[in-house]
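Content type compact mmCIF, C-alpha atoms, from the file protein_37.txt:
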```
# COMPACT_ATOMS: atom_id res chain seq x y z
CA MET A 1 31.62 132.11 111.98
CA SER A 2 34.80 131.07 110.26
CA SER A 3 33.24 128.20 108.26
CA THR A 4 30.70 130.56 106.66
CA ILE A 5 33.45 132.94 105.61
CA PHE A 6 35.47 130.19 103.93
CA ILE A 7 32.51 128.42 102.37
CA ASN A 8 31.35 131.74 100.89
CA ARG A 9 34.83 132.34 99.53
CA TYR A 10 34.74 128.93 97.81
CA LYS A 11 31.33 129.85 96.36
CA GLN A 12 32.84 133.04 94.95
CA LEU A 13 35.45 130.83 93.30
CA GLY A 14 32.64 128.79 91.74
CA GLU A 15 32.71 125.77 94.06
CA GLN A 16 30.05 124.29 96.29
CA ILE A 17 32.07 122.10 98.62
CA ARG A 18 30.69 118.93 100.19
CA GLU A 19 32.21 116.33 102.45
CA VAL A 20 33.83 113.28 100.88
CA GLY A 21 35.55 110.33 102.55
CA LEU A 22 39.30 110.19 102.05
CA GLN A 23 40.67 106.85 100.89
CA ASP A 24 43.94 105.67 102.40
CA SER A 25 46.72 105.11 99.91
CA LEU A 26 50.34 104.04 99.65
CA ARG A 27 53.31 104.35 97.32
CA MET A 28 55.48 101.36 96.52
CA ASN A 29 59.24 101.57 96.80
CA ILE A 30 60.37 99.87 93.61
CA LEU A 31 64.02 100.30 94.58
CA VAL A 32 63.52 97.59 97.20
CA ILE A 33 60.78 95.34 95.84
CA LYS A 34 59.13 94.72 92.48
CA GLU A 35 55.57 96.02 92.20
CA GLU A 36 54.19 92.57 91.23
CA GLU A 37 56.02 90.91 94.13
CA LEU A 38 54.52 93.28 96.68
CA LEU A 39 51.08 92.87 95.12
CA ASP A 40 51.44 89.10 95.58
CA ARG A 41 52.50 89.62 99.19
CA PHE A 42 49.46 91.82 99.83
CA LYS A 43 47.22 89.16 98.34
CA THR A 44 48.71 86.52 100.67
CA LEU A 45 48.17 88.83 103.63
CA GLY A 46 44.55 89.61 102.69
CA VAL A 47 45.29 93.23 101.83
CA LYS A 48 43.29 94.58 98.89
CA VAL A 49 44.78 97.46 96.92
CA GLU A 50 43.85 99.13 93.65
CA LYS A 51 46.11 101.11 91.31
CA ILE A 52 45.67 104.87 91.48
CA PRO A 53 45.38 105.79 87.80
CA PHE A 54 47.13 109.14 88.14
CA ALA A 55 49.97 108.23 90.56
CA ARG A 56 52.92 106.28 89.14
CA PHE A 57 53.51 103.84 92.01
CA GLY A 58 50.41 104.69 94.01
CA TYR A 59 47.68 102.32 95.22
CA TRP A 60 44.42 102.90 97.04
CA ILE A 61 44.06 100.68 100.12
CA LYS A 62 40.65 99.07 99.69
CA HIS A 63 40.85 96.67 102.63
CA SER A 64 43.40 95.56 105.19
CA PRO A 65 42.88 93.21 108.15
CA PHE A 66 45.53 95.17 110.10
CA SER A 67 47.24 98.53 110.20
CA LEU A 68 49.54 98.90 107.20
CA GLY A 69 51.69 101.24 109.29
CA ALA A 70 52.91 98.27 111.34
CA THR A 71 53.87 95.37 109.08
CA THR A 72 57.19 93.75 108.26
CA GLU A 73 56.80 95.02 104.68
CA TYR A 74 56.37 98.57 105.95
CA LEU A 75 59.35 98.30 108.31
CA ARG A 76 61.52 96.90 105.51
CA GLY A 77 60.71 99.97 103.40
CA TYR A 78 58.60 98.29 100.72
CA TYR A 79 56.02 101.08 100.78
CA TYR A 80 55.22 104.48 102.22
CA LEU A 81 51.74 105.46 103.40
CA GLN A 82 51.10 108.59 101.39
CA GLU A 83 47.93 110.42 100.42
CA ALA A 84 47.16 110.17 96.69
CA ALA A 85 47.39 113.88 95.84
CA ALA A 86 50.57 114.19 97.91
CA GLN A 87 52.24 111.73 95.52
CA LEU A 88 51.90 114.13 92.60
CA PRO A 89 54.30 117.04 93.28
CA VAL A 90 57.33 114.74 92.89
CA GLN A 91 55.81 113.24 89.76
CA VAL A 92 55.54 116.77 88.35
CA LEU A 93 59.06 117.63 89.51
CA ASP A 94 60.30 114.55 87.63
CA PRO A 95 63.80 114.40 89.17
CA LEU A 96 66.36 112.50 87.10
CA PRO A 97 69.31 110.32 88.09
CA ASN A 98 72.53 112.17 88.92
CA GLU A 99 70.89 115.58 89.29
CA THR A 100 71.21 117.88 92.29
CA VAL A 101 67.78 118.25 93.84
CA LEU A 102 66.49 120.20 96.84
CA ASP A 103 63.51 119.35 99.06
CA MET A 104 63.03 122.57 101.01
CA CYS A 105 60.54 121.48 103.70
CA ALA A 106 61.18 117.77 103.95
CA ALA A 107 59.61 116.19 107.09
CA PRO A 108 58.15 113.65 107.48
CA GLY A 109 59.89 112.49 104.30
CA GLY A 110 57.17 111.09 102.01
CA LYS A 111 58.20 113.28 99.11
CA THR A 112 61.92 113.10 99.97
CA THR A 113 61.89 109.31 99.76
CA GLN A 114 59.89 109.57 96.53
CA ILE A 115 62.51 111.90 95.02
CA ALA A 116 65.29 109.47 95.99
CA GLN A 117 63.34 106.68 94.34
CA ALA A 118 62.93 108.69 91.11
CA MET A 119 66.68 109.42 91.13
CA PHE A 120 67.47 105.74 91.71
CA ASN A 121 69.47 106.83 94.76
CA THR A 122 72.03 108.65 92.57
CA GLY A 123 73.12 112.29 92.42
CA THR A 124 72.61 114.55 95.41
CA LEU A 125 69.35 115.10 97.22
CA VAL A 126 69.46 117.88 99.79
CA ALA A 127 66.60 117.91 102.30
CA LEU A 128 65.93 120.69 104.79
CA GLU A 129 63.83 120.64 107.92
CA LYS A 130 63.48 123.55 110.27
CA LYS A 131 61.73 121.86 113.20
CA GLN A 132 63.82 119.64 115.46
CA HIS A 133 60.88 117.49 116.57
CA ARG A 134 60.04 116.64 112.95
CA LEU A 135 63.61 115.58 112.15
CA ILE A 136 63.37 112.21 113.97
CA GLY A 137 60.51 111.05 111.78
CA LEU A 138 62.29 112.26 108.65
CA LEU A 139 65.54 110.45 109.49
CA THR A 140 63.69 107.25 110.44
CA ASN A 141 61.79 107.28 107.14
CA LEU A 142 64.95 107.87 105.09
CA GLU A 143 66.66 104.97 106.86
CA ARG A 144 63.63 102.67 106.57
CA MET A 145 63.09 103.49 102.87
CA ARG A 146 66.83 102.93 102.22
CA VAL A 147 67.58 106.37 100.84
CA ARG A 148 71.29 106.64 100.03
CA ASN A 149 71.67 109.89 98.11
CA ALA A 150 70.34 112.35 100.68
CA ALA A 151 71.96 114.93 102.90
CA VAL A 152 69.61 116.35 105.52
CA PHE A 153 70.16 119.72 107.14
CA HIS A 154 68.46 121.06 110.23
CA MET A 155 67.76 124.50 108.85
CA ASP A 156 65.09 126.93 107.74
CA GLY A 157 64.48 126.80 103.99
CA ARG A 158 64.79 130.59 103.86
CA ASP A 159 68.49 130.20 104.73
CA VAL A 160 69.27 127.66 101.99
CA LYS A 161 71.70 130.05 100.28
CA GLN A 162 74.11 129.48 103.19
CA LEU A 163 74.81 125.98 101.88
CA GLY A 164 76.55 127.45 98.83
CA LEU A 165 74.84 124.97 96.48
CA THR A 166 72.69 125.36 93.38
CA PHE A 167 70.05 122.93 92.18
CA ASP A 168 68.67 121.47 88.95
CA ARG A 169 65.27 120.94 90.56
CA ILE A 170 63.61 122.14 93.73
CA LEU A 171 60.52 120.91 95.50
CA LEU A 172 58.89 123.50 97.71
CA ASP A 173 56.03 121.69 99.39
CA ALA A 174 55.37 124.70 101.51
CA PRO A 175 54.01 124.76 105.06
CA CYS A 176 50.44 126.01 104.65
CA SER A 177 47.16 126.55 106.44
CA GLY A 178 46.02 123.05 105.42
CA ASN A 179 42.48 122.15 104.44
CA TYR A 180 39.25 120.88 105.94
CA MET A 181 39.71 117.33 104.61
CA THR A 182 42.65 116.49 106.83
CA ASP A 183 41.61 118.49 109.88
CA ARG A 184 38.05 118.27 111.21
CA GLN A 185 38.50 121.48 113.20
CA TRP A 186 39.97 123.38 110.27
CA PHE A 187 37.10 125.85 109.85
CA GLU A 188 37.01 126.63 113.57
CA LYS A 189 40.77 127.11 113.78
CA ARG A 190 41.52 129.22 110.73
CA THR A 191 41.15 132.92 110.05
CA ILE A 192 41.89 135.01 106.96
CA LYS A 193 44.79 136.52 108.93
CA ASP A 194 46.35 133.01 109.25
CA ILE A 195 46.09 132.59 105.50
CA GLU A 196 47.83 135.90 104.88
CA THR A 197 50.62 135.10 107.36
CA SER A 198 51.11 131.74 105.71
CA ALA A 199 51.18 133.30 102.21
CA LYS A 200 53.85 135.79 103.30
CA PHE A 201 56.04 132.98 104.68
CA GLN A 202 55.57 131.01 101.45
CA ARG A 203 56.74 134.00 99.39
CA ASP A 204 59.89 134.19 101.51
CA LEU A 205 60.51 130.51 100.77
CA LEU A 206 59.82 131.00 97.04
CA LYS A 207 62.30 133.86 96.96
CA ALA A 208 64.97 131.75 98.70
CA ALA A 209 64.31 128.84 96.31
CA LEU A 210 64.79 130.94 93.19
CA GLU A 211 68.12 132.21 94.52
CA VAL A 212 69.55 128.68 94.48
CA LEU A 213 67.80 127.34 91.38
CA LYS A 214 70.04 126.96 88.33
CA PRO A 215 69.10 128.85 85.14
CA ASN A 216 66.47 126.83 83.27
CA GLY A 217 65.96 124.84 86.49
CA VAL A 218 62.53 123.64 87.62
CA LEU A 219 60.81 124.56 90.87
CA VAL A 220 57.65 122.71 91.86
CA TYR A 221 55.57 124.60 94.38
CA SER A 222 52.78 122.78 96.19
CA THR A 223 50.51 123.24 99.16
CA CYS A 224 47.63 121.31 100.67
CA SER A 225 45.70 124.57 101.01
CA LEU A 226 42.65 125.57 98.97
CA GLU A 227 43.10 129.27 99.64
CA PRO A 228 44.07 131.37 96.57
CA GLU A 229 46.34 133.61 98.68
CA GLU A 230 48.65 130.63 99.27
CA ASN A 231 48.37 129.37 95.71
CA GLU A 232 47.36 131.36 92.60
CA LEU A 233 48.03 134.75 94.22
CA ASN A 234 51.53 133.62 95.23
CA MET A 235 52.12 132.54 91.63
CA GLN A 236 50.91 135.93 90.39
CA TRP A 237 53.39 137.58 92.77
CA LEU A 238 56.15 135.32 91.45
CA LEU A 239 55.38 136.17 87.81
CA GLU A 240 55.35 139.89 88.61
CA ASN A 241 58.68 139.86 90.46
CA TYR A 242 60.89 137.18 88.88
CA LYS A 243 61.97 135.94 85.47
CA VAL A 244 59.95 132.76 85.57
CA GLN A 245 57.23 131.01 83.62
CA LEU A 246 54.57 128.55 84.67
CA GLU A 247 54.65 125.34 82.68
CA LYS A 248 51.70 123.13 81.90
CA ILE A 249 51.28 120.16 84.23
CA HIS A 250 50.40 116.95 82.45
CA ILE A 251 48.38 114.97 84.97
CA ASN A 252 44.85 113.72 84.46
CA ILE A 253 43.32 114.97 87.67
CA GLY A 254 42.37 118.30 89.19
CA ASP A 255 41.23 121.61 87.74
CA GLU A 256 43.23 124.36 86.09
CA GLY A 257 44.56 127.08 88.36
CA LEU A 258 42.13 129.97 88.90
CA ILE A 259 42.71 133.20 86.98
CA ASP A 260 39.74 135.12 88.35
CA VAL A 261 40.14 135.36 92.10
CA PHE A 262 37.69 137.49 94.08
CA GLY A 263 37.34 139.92 91.17
CA LYS A 264 41.07 140.12 90.46
CA GLU A 265 42.21 138.93 87.05
CA LEU A 266 45.45 136.97 87.13
CA ASP A 267 48.02 136.02 84.50
CA ALA A 268 46.54 133.50 82.04
CA SER A 269 49.50 131.11 82.50
CA ILE A 270 48.28 130.39 86.05
CA ARG A 271 45.78 128.09 84.33
CA ASN A 272 48.79 125.76 83.85
CA CYS A 273 48.75 124.96 87.58
CA ARG A 274 46.55 122.21 89.03
CA ARG A 275 44.05 122.67 91.83
CA PHE A 276 42.47 119.73 93.65
CA TRP A 277 39.03 120.35 95.09
CA PRO A 278 38.33 117.35 97.36
CA HIS A 279 34.70 117.02 96.25
CA LYS A 280 35.88 116.64 92.65
CA THR A 281 39.06 114.56 93.07
CA ASN A 282 38.29 112.47 96.18
CA THR A 283 41.69 113.45 97.53
CA GLU A 284 42.74 116.04 100.06
CA GLY A 285 42.80 119.64 98.87
CA PHE A 286 45.96 120.42 96.91
CA PHE A 287 47.65 122.88 94.59
CA ILE A 288 50.66 122.30 92.33
CA ALA A 289 52.62 124.73 90.17
CA LYS A 290 55.59 124.01 87.92
CA VAL A 291 57.86 127.02 87.64
CA ARG A 292 60.78 127.32 85.25
CA GLN A 293 63.41 130.00 85.86
CA TRP A 294 64.73 131.77 82.73
CA MET B 1 81.18 100.48 116.83
CA VAL B 2 80.14 99.59 113.26
CA ARG B 3 83.32 97.55 112.82
CA GLU B 4 82.66 95.64 116.06
CA PHE B 5 79.13 94.91 114.89
CA LEU B 6 80.30 93.69 111.48
CA LYS B 7 83.06 91.64 113.10
CA SER B 8 80.54 89.70 115.16
CA PHE B 9 78.94 88.65 111.87
CA GLY B 10 82.19 87.94 110.06
CA ALA B 11 81.63 90.89 107.75
CA ASP B 12 84.16 93.48 108.94
CA ASP B 13 85.81 93.63 105.51
CA MET B 14 82.57 94.75 103.84
CA ILE B 15 82.92 98.45 104.51
CA ARG B 16 85.98 100.69 104.18
CA THR B 17 86.66 102.53 107.43
CA GLU B 18 87.57 105.72 105.56
CA ASP B 19 84.05 105.84 104.08
CA VAL B 20 82.32 105.70 107.47
CA VAL B 21 81.22 108.90 109.18
CA GLN B 22 79.51 109.38 112.50
CA ILE B 23 77.03 112.21 112.98
CA LYS B 24 75.73 112.34 116.53
CA GLU B 25 74.34 108.83 117.20
CA PHE B 26 74.12 107.85 113.50
CA TYR B 27 76.72 106.08 111.34
CA PHE B 28 76.83 106.36 107.55
CA THR B 29 78.95 105.37 104.59
CA VAL B 30 79.44 108.17 102.13
CA ASN B 31 80.45 108.36 98.48
CA ARG B 32 82.77 110.88 96.81
CA LEU B 33 80.03 113.50 96.27
CA GLN B 34 78.89 113.23 99.87
CA LYS B 35 82.46 113.46 101.20
CA GLU B 36 82.86 116.69 99.24
CA LEU B 37 79.61 118.01 100.72
CA LEU B 38 80.84 117.16 104.22
CA ARG B 39 83.93 119.31 103.71
CA HIS B 40 81.95 122.54 103.87
CA THR B 41 78.53 121.72 105.35
CA ARG B 42 77.16 120.02 108.46
CA PRO B 43 74.27 117.68 107.63
CA VAL B 44 72.48 115.64 110.29
CA PHE B 45 72.09 112.69 107.91
CA VAL B 46 74.13 111.86 104.82
CA GLY B 47 74.51 108.87 102.50
CA TYR B 48 73.83 105.26 103.35
CA CYS B 49 72.69 104.89 106.96
CA LEU B 50 74.39 101.96 108.69
CA GLY B 51 72.56 102.35 111.96
CA LYS B 52 72.53 104.23 115.21
CA LYS B 53 74.09 104.00 118.63
CA LYS B 54 71.78 103.49 121.60
CA GLY B 55 73.92 103.55 124.75
CA ASN B 56 76.53 100.84 124.22
CA PHE B 57 74.41 99.01 121.68
CA PHE B 58 74.50 99.40 117.91
CA CYS B 59 71.12 99.29 116.15
CA PRO B 60 71.76 98.30 112.53
CA SER B 61 69.66 99.80 109.74
CA VAL B 62 67.47 97.44 107.71
CA CYS B 63 69.94 97.98 104.84
CA LEU B 64 72.88 96.82 106.95
CA LEU B 65 70.93 93.82 108.23
CA ASP B 66 70.32 92.72 104.63
CA PHE B 67 73.97 93.35 103.85
CA VAL B 68 75.10 91.13 106.73
CA SER B 69 72.45 88.54 105.91
CA GLY B 70 74.13 87.96 102.55
CA ARG B 71 77.33 86.99 104.35
CA TYR B 72 76.52 85.44 107.75
CA GLU B 73 75.33 81.85 107.70
CA LYS B 74 73.86 81.33 111.17
CA LYS B 75 70.17 82.05 110.80
CA ILE B 76 66.81 80.89 112.06
CA VAL B 77 63.53 81.04 110.17
CA VAL B 78 60.31 81.75 112.08
CA ASP B 79 56.60 81.57 111.22
CA ALA B 80 54.28 84.56 110.79
CA LYS B 81 53.06 84.62 114.41
CA THR B 82 56.56 84.37 115.91
CA GLU B 83 57.75 86.99 113.39
CA TRP B 84 55.31 89.56 114.68
CA LEU B 85 55.94 88.73 118.35
CA PHE B 86 59.68 89.11 117.71
CA ILE B 87 59.14 92.47 115.99
CA CYS B 88 57.27 93.52 119.13
CA GLY B 89 60.42 92.74 121.13
CA ARG B 90 59.61 89.23 122.40
CA ASP B 91 61.93 86.22 122.72
CA ILE B 92 61.57 83.24 120.38
CA PHE B 93 60.26 79.80 121.40
CA ASN B 94 59.27 78.39 118.06
CA VAL B 95 61.66 77.95 115.12
CA GLN B 96 60.75 76.60 111.68
CA GLU B 97 64.26 76.11 110.33
CA VAL B 98 67.84 76.47 111.58
CA LEU B 99 70.59 77.33 109.11
CA GLY B 100 74.40 77.41 109.44
CA ASN B 101 74.64 75.17 112.52
CA PRO B 102 74.63 77.78 115.31
CA GLN B 103 75.75 76.78 118.83
CA ASP B 104 74.18 77.92 122.10
CA ASN B 105 74.74 81.66 122.75
CA ASP B 106 75.76 82.36 119.15
CA LEU B 107 74.19 85.38 117.51
CA VAL B 108 71.75 84.40 114.78
CA LEU B 109 69.93 86.45 112.19
CA VAL B 110 66.18 86.03 112.40
CA LEU B 111 64.40 85.54 109.08
CA ASN B 112 60.68 85.52 108.34
CA ARG B 113 59.02 82.95 106.08
CA PHE B 114 60.05 84.99 103.03
CA LYS B 115 63.68 84.64 104.21
CA GLU B 116 63.94 88.36 104.93
CA CYS B 117 65.98 89.50 107.89
CA ILE B 118 63.88 91.00 110.69
CA GLY B 119 66.49 91.17 113.43
CA ILE B 120 69.07 89.48 115.63
CA ALA B 121 68.72 86.94 118.46
CA GLN B 122 70.93 84.85 120.75
CA TYR B 123 70.56 81.19 119.91
CA THR B 124 69.72 78.24 122.09
CA ALA B 125 69.17 74.79 120.59
CA VAL B 126 66.22 73.79 122.79
CA PRO B 127 64.26 76.93 123.58
CA ASN B 128 61.90 76.86 126.55
CA LYS B 129 60.35 79.36 128.95
CA LYS B 130 63.44 79.57 131.12
CA ASN B 131 65.85 79.53 128.26
CA PRO B 132 64.38 81.05 125.08
CA ILE B 133 66.15 82.27 121.95
CA LYS B 134 66.78 85.72 123.30
CA HIS B 135 65.67 88.80 121.44
CA VAL B 136 68.62 91.12 120.73
CA TYR B 137 67.38 93.57 118.09
CA ASP B 138 64.48 93.82 115.63
CA ILE B 139 63.28 96.17 112.89
CA GLY B 140 60.26 97.17 115.01
CA ASP B 141 62.73 99.68 116.44
CA TYR B 142 61.55 102.06 113.68
CA LEU B 143 58.04 102.03 115.15
CA ARG B 144 59.30 102.46 118.70
CA ARG B 145 61.35 105.52 117.67
CA GLU B 146 58.23 107.07 116.13
CA ARG B 147 56.12 106.31 119.21
CA LYS B 148 58.74 107.80 121.48
CA ARG B 149 58.75 110.93 119.34
CA LYS B 150 54.98 111.30 119.55
CA MET B 151 54.82 110.82 123.32
```
Output the file's structure as structure tokens, nothing else.
Amino acid sequence: MSSTIFINRYKQLGEQIREVGLQDSLRMNILVIKEEELLDRFKTLGVKVEKIPFARFGYWIKHSPFSLGATTEYLRGYYYLQEAAAQLPVQVLDPLPNETVLDMCAAPGGKTTQIAQAMFNTGTLVALEKKQHRLIGLLTNLERMRVRNAAVFHMDGRDVKQLGLTFDRILLDAPCSGNYMTDRQWFEKRTIKDIETSAKFQRDLLKAALEVLKPNGVLVYSTCSLEPEENELNMQWLLENYKVQLEKIHINIGDEGLIDVFGKELDASIRNCRRFWPHKTNTEGFFIAKVRQW
Amino acid sequence: MVREFLKSFGADDMIRTEDVVQIKEFYFTVNRLQKELLRHTRPVFVGYCLGKKKGNFFCPSVCLLDFVSGRYEKKIVVDAKTEWLFICGRDIFNVQEVLGNPQDNDLVLVLNRFKECIGIAQYTAVPNKKNPIKHVYDIGDYLRRERKRKM
């Protein structure tokens, strides 16, 4: 059975997974409303939130008398419902005003709107989305969150070179096999072959990203997968084939990246990555790497 | 279409025509950098979204509504219950405050109790079941687009 295979793999990596309840969370859009003002509004509405210590504008939703996905505040772009760990890749990317930044796999737009917020709606933010049906949600979110510095292209990230642009920073939040926290049927659905197919696709995206990254530019690679093939092993492949280095990630959550994977010893700098085991972080599973191109 | 919309709110001088671009059903204003990008690429979304065309109707973005709200004086303020009913597409029967002396059939901006614009309605001084303040457009359109996508 698939679950036994995966659970045994996690054991080999030193982890005994157990189920934890995911807490809903949101990110405030400080370009539209002051943090204190929205907190006051929530109080008036009977919504209880609590600051997420490791996410800059993130709050856990402790209690709400109604769905926070259907409020005037939501529709006016005051916040985005975003999982806590998913708020971190952009924090690590740390985009600055007036830079040229690429979001390679943008829909539904949580991280894209977060990048725009960090850039104070200046510079150029290029967002790509390959799937037509996911574009509507992306465009709606950009409009709702009042993003002004974005250009969205309906294209496959692997073809980004065709745009003829280069970037100071790139976020590659790669399509991945996912994890058991966000999909109850995950263990039944997934096979090792899926993981390998996904890892191959991610390498193609990494390759395309490095081709358009400026020298000394930063690429943040993230997935919501717990499988080493899509994470540490992809970073090992990157280090072996490109002039890049992995920089230390300064966030106070998650474990170091693994450097001993199923008996294979990996480059020591892979420790600089962060790996989120749900049973340790109370978030969904996640992996983040910060890559600098020489 | 954008100009016509702005004209009906006395705000047609707010945006320079040469900065407006239409991409499929969406309208945007673009800055110098974005104009340059448009010269050699074909984005599906670029710059500051003004709104989208739905048949012959223009659906303003929440940004544009706020923009117009700073200029147009005819407004009505509604309470929390009416606010949510309006966002769900319903007409208005209950008004807390009327601003800018609107006349019957005038377009009015609908504000919630925090004086934030949540949409547009057609005014009537004495609303009743047969003759309510008619719903024209509301920001709940964002939710309806999402629902339509998921169906």
Using only C-alpha atoms, determine which residues of chain B fall within 7 Å of chain A; present them as number ranges by chain. B: 41, 43-49, 61-63, 139-140, 142, 146
Please determine, counting only C-alpha atoms, which residue among A:Thr122, A:Ser3, A:Gln82, A:Gln293 has the shortest atom-to-atom distance to A:Leu213.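 Of the candidates, the smallest distance to A:Leu213 is held by A:Gln293.
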Distance table requested - stretch 16-103 of chain A against stretch 11-33 of chain B, cut-off 12 Å, all atoms listed in the file: one row per qualifying residue with the closest atom pair and its distance in Å to one decimal, ordered by chain and rising residue number, as CSV.
```
residue,atom,partner,partner_atom,distance
A:Asn98,CA,B:Leu33,CA,10.6
A:Glu99,CA,B:Leu33,CA,11.7
A:Thr100,CA,B:Leu33,CA,10.6
```
Listed atoms of stretch 89-108 of chain B boxed along x, y and z, 8 Å each side, centre and edge lengths in Å, one decimal, as AutoDock Vina command-line options:
```
--center_x 67.5 --center_y 84.0 --center_z 115.9 --size_x 32.5 --size_y 33.6 --size_z 29.6
```
Which distance in Å separates atom CA of B:Lys115 and atom CA of B:Asp66, to one decimal?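 Result for atom CA of B:Lys115 versus atom CA of B:Asp66: 10.5 Å, one decimal.
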Save stretch 100-122 of chain B from what I just supplied, as a PDB file, in the first residue's frame, atoms limited to N, CA and C atoms.
```
ATOM      1  N   GLY B 100     -24.936  64.250  -0.885  1.00  0.00           N
ATOM      2  CA  GLY B 100     -24.826  64.858  -2.216  1.00  0.00           C
ATOM      3  C   GLY B 100     -26.137  65.104  -2.932  1.00  0.00           C
ATOM      4  N   ASN B 101     -27.265  65.008  -2.213  1.00  0.00           N
ATOM      5  CA  ASN B 101     -28.573  65.335  -2.760  1.00  0.00           C
ATOM      6  C   ASN B 101     -28.928  64.655  -4.094  1.00  0.00           C
ATOM      7  N   PRO B 102     -28.899  63.344  -4.148  1.00  0.00           N
ATOM      8  CA  PRO B 102     -29.257  62.669  -5.407  1.00  0.00           C
ATOM      9  C   PRO B 102     -30.760  62.782  -5.708  1.00  0.00           C
ATOM     10  N   GLN B 103     -31.102  62.776  -6.992  1.00  0.00           N
ATOM     11  CA  GLN B 103     -32.506  62.800  -7.413  1.00  0.00           C
ATOM     12  C   GLN B 103     -32.889  61.387  -7.867  1.00  0.00           C
ATOM     13  N   ASP B 104     -34.189  61.144  -7.985  1.00  0.00           N
ATOM     14  CA  ASP B 104     -34.644  59.824  -8.438  1.00  0.00           C
ATOM     15  C   ASP B 104     -33.967  59.441  -9.755  1.00  0.00           C
ATOM     16  N   ASN B 105     -33.556  58.185  -9.856  1.00  0.00           N
ATOM     17  CA  ASN B 105     -32.882  57.593 -11.028  1.00  0.00           C
ATOM     18  C   ASN B 105     -31.409  57.988 -11.179  1.00  0.00           C
ATOM     19  N   ASP B 106     -30.906  58.845 -10.322  1.00  0.00           N
ATOM     20  CA  ASP B 106     -29.472  59.153 -10.363  1.00  0.00           C
ATOM     21  C   ASP B 106     -28.674  57.928  -9.921  1.00  0.00           C
ATOM     22  N   LEU B 107     -27.471  57.796 -10.449  1.00  0.00           N
ATOM     23  CA  LEU B 107     -26.582  56.751  -9.946  1.00  0.00           C
ATOM     24  C   LEU B 107     -25.989  57.235  -8.629  1.00  0.00           C
ATOM     25  N   VAL B 108     -25.934  56.344  -7.659  1.00  0.00           N
ATOM     26  CA  VAL B 108     -25.292  56.688  -6.383  1.00  0.00           C
ATOM     27  C   VAL B 108     -24.259  55.619  -6.045  1.00  0.00           C
ATOM     28  N   LEU B 109     -23.210  56.055  -5.349  1.00  0.00           N
ATOM     29  CA  LEU B 109     -22.244  55.084  -4.843  1.00  0.00           C
ATOM     30  C   LEU B 109     -22.764  54.578  -3.504  1.00  0.00           C
ATOM     31  N   VAL B 110     -22.648  53.288  -3.290  1.00  0.00           N
ATOM     32  CA  VAL B 110     -23.144  52.705  -2.041  1.00  0.00           C
ATOM     33  C   VAL B 110     -21.955  52.507  -1.092  1.00  0.00           C
ATOM     34  N   LEU B 111     -22.078  53.103   0.097  1.00  0.00           N
ATOM     35  CA  LEU B 111     -21.006  52.998   1.088  1.00  0.00           C
ATOM     36  C   LEU B 111     -21.479  52.173   2.278  1.00  0.00           C
ATOM     37  N   ASN B 112     -20.545  51.447   2.891  1.00  0.00           N
ATOM     38  CA  ASN B 112     -20.900  50.737   4.131  1.00  0.00           C
ATOM     39  C   ASN B 112     -20.705  51.680   5.310  1.00  0.00           C
ATOM     40  N   ARG B 113     -20.890  51.162   6.522  1.00  0.00           N
ATOM     41  CA  ARG B 113     -20.826  52.048   7.696  1.00  0.00           C
ATOM     42  C   ARG B 113     -19.431  52.608   7.936  1.00  0.00           C
ATOM     43  N   PHE B 114     -18.416  52.018   7.301  1.00  0.00           N
ATOM     44  CA  PHE B 114     -17.061  52.563   7.419  1.00  0.00           C
ATOM     45  C   PHE B 114     -16.768  53.566   6.292  1.00  0.00           C
ATOM     46  N   LYS B 115     -17.816  53.896   5.532  1.00  0.00           N
ATOM     47  CA  LYS B 115     -17.749  54.841   4.414  1.00  0.00           C
ATOM     48  C   LYS B 115     -16.837  54.325   3.286  1.00  0.00           C
ATOM     49  N   GLU B 116     -16.845  53.018   3.115  1.00  0.00           N
ATOM     50  CA  GLU B 116     -16.095  52.395   2.021  1.00  0.00           C
ATOM     51  C   GLU B 116     -17.065  52.016   0.908  1.00  0.00           C
ATOM     52  N   CYS B 117     -16.629  52.246  -0.322  1.00  0.00           N
ATOM     53  CA  CYS B 117     -17.518  51.991  -1.447  1.00  0.00           C
ATOM     54  C   CYS B 117     -17.654  50.489  -1.704  1.00  0.00           C
ATOM     55  N   ILE B 118     -18.900  50.024  -1.788  1.00  0.00           N
ATOM     56  CA  ILE B 118     -19.132  48.597  -2.040  1.00  0.00           C
ATOM     57  C   ILE B 118     -19.898  48.370  -3.347  1.00  0.00           C
ATOM     58  N   GLY B 119     -20.221  49.467  -4.038  1.00  0.00           N
ATOM     59  CA  GLY B 119     -20.884  49.287  -5.324  1.00  0.00           C
ATOM     60  C   GLY B 119     -21.665  50.506  -5.786  1.00  0.00           C
ATOM     61  N   ILE B 120     -22.546  50.255  -6.760  1.00  0.00           N
ATOM     62  CA  ILE B 120     -23.311  51.326  -7.400  1.00  0.00           C
ATOM     63  C   ILE B 120     -24.796  50.945  -7.407  1.00  0.00           C
ATOM     64  N   ALA B 121     -25.663  51.944  -7.199  1.00  0.00           N
ATOM     65  CA  ALA B 121     -27.108  51.682  -7.259  1.00  0.00           C
ATOM     66  C   ALA B 121     -27.806  52.851  -7.947  1.00  0.00           C
ATOM     67  N   GLN B 122     -29.083  52.626  -8.299  1.00  0.00           N
ATOM     68  CA  GLN B 122     -29.885  53.692  -8.905  1.00  0.00           C
ATOM     69  C   GLN B 122     -30.867  54.199  -7.853  1.00  0.00           C
TER      70      GLN B 122
END
```
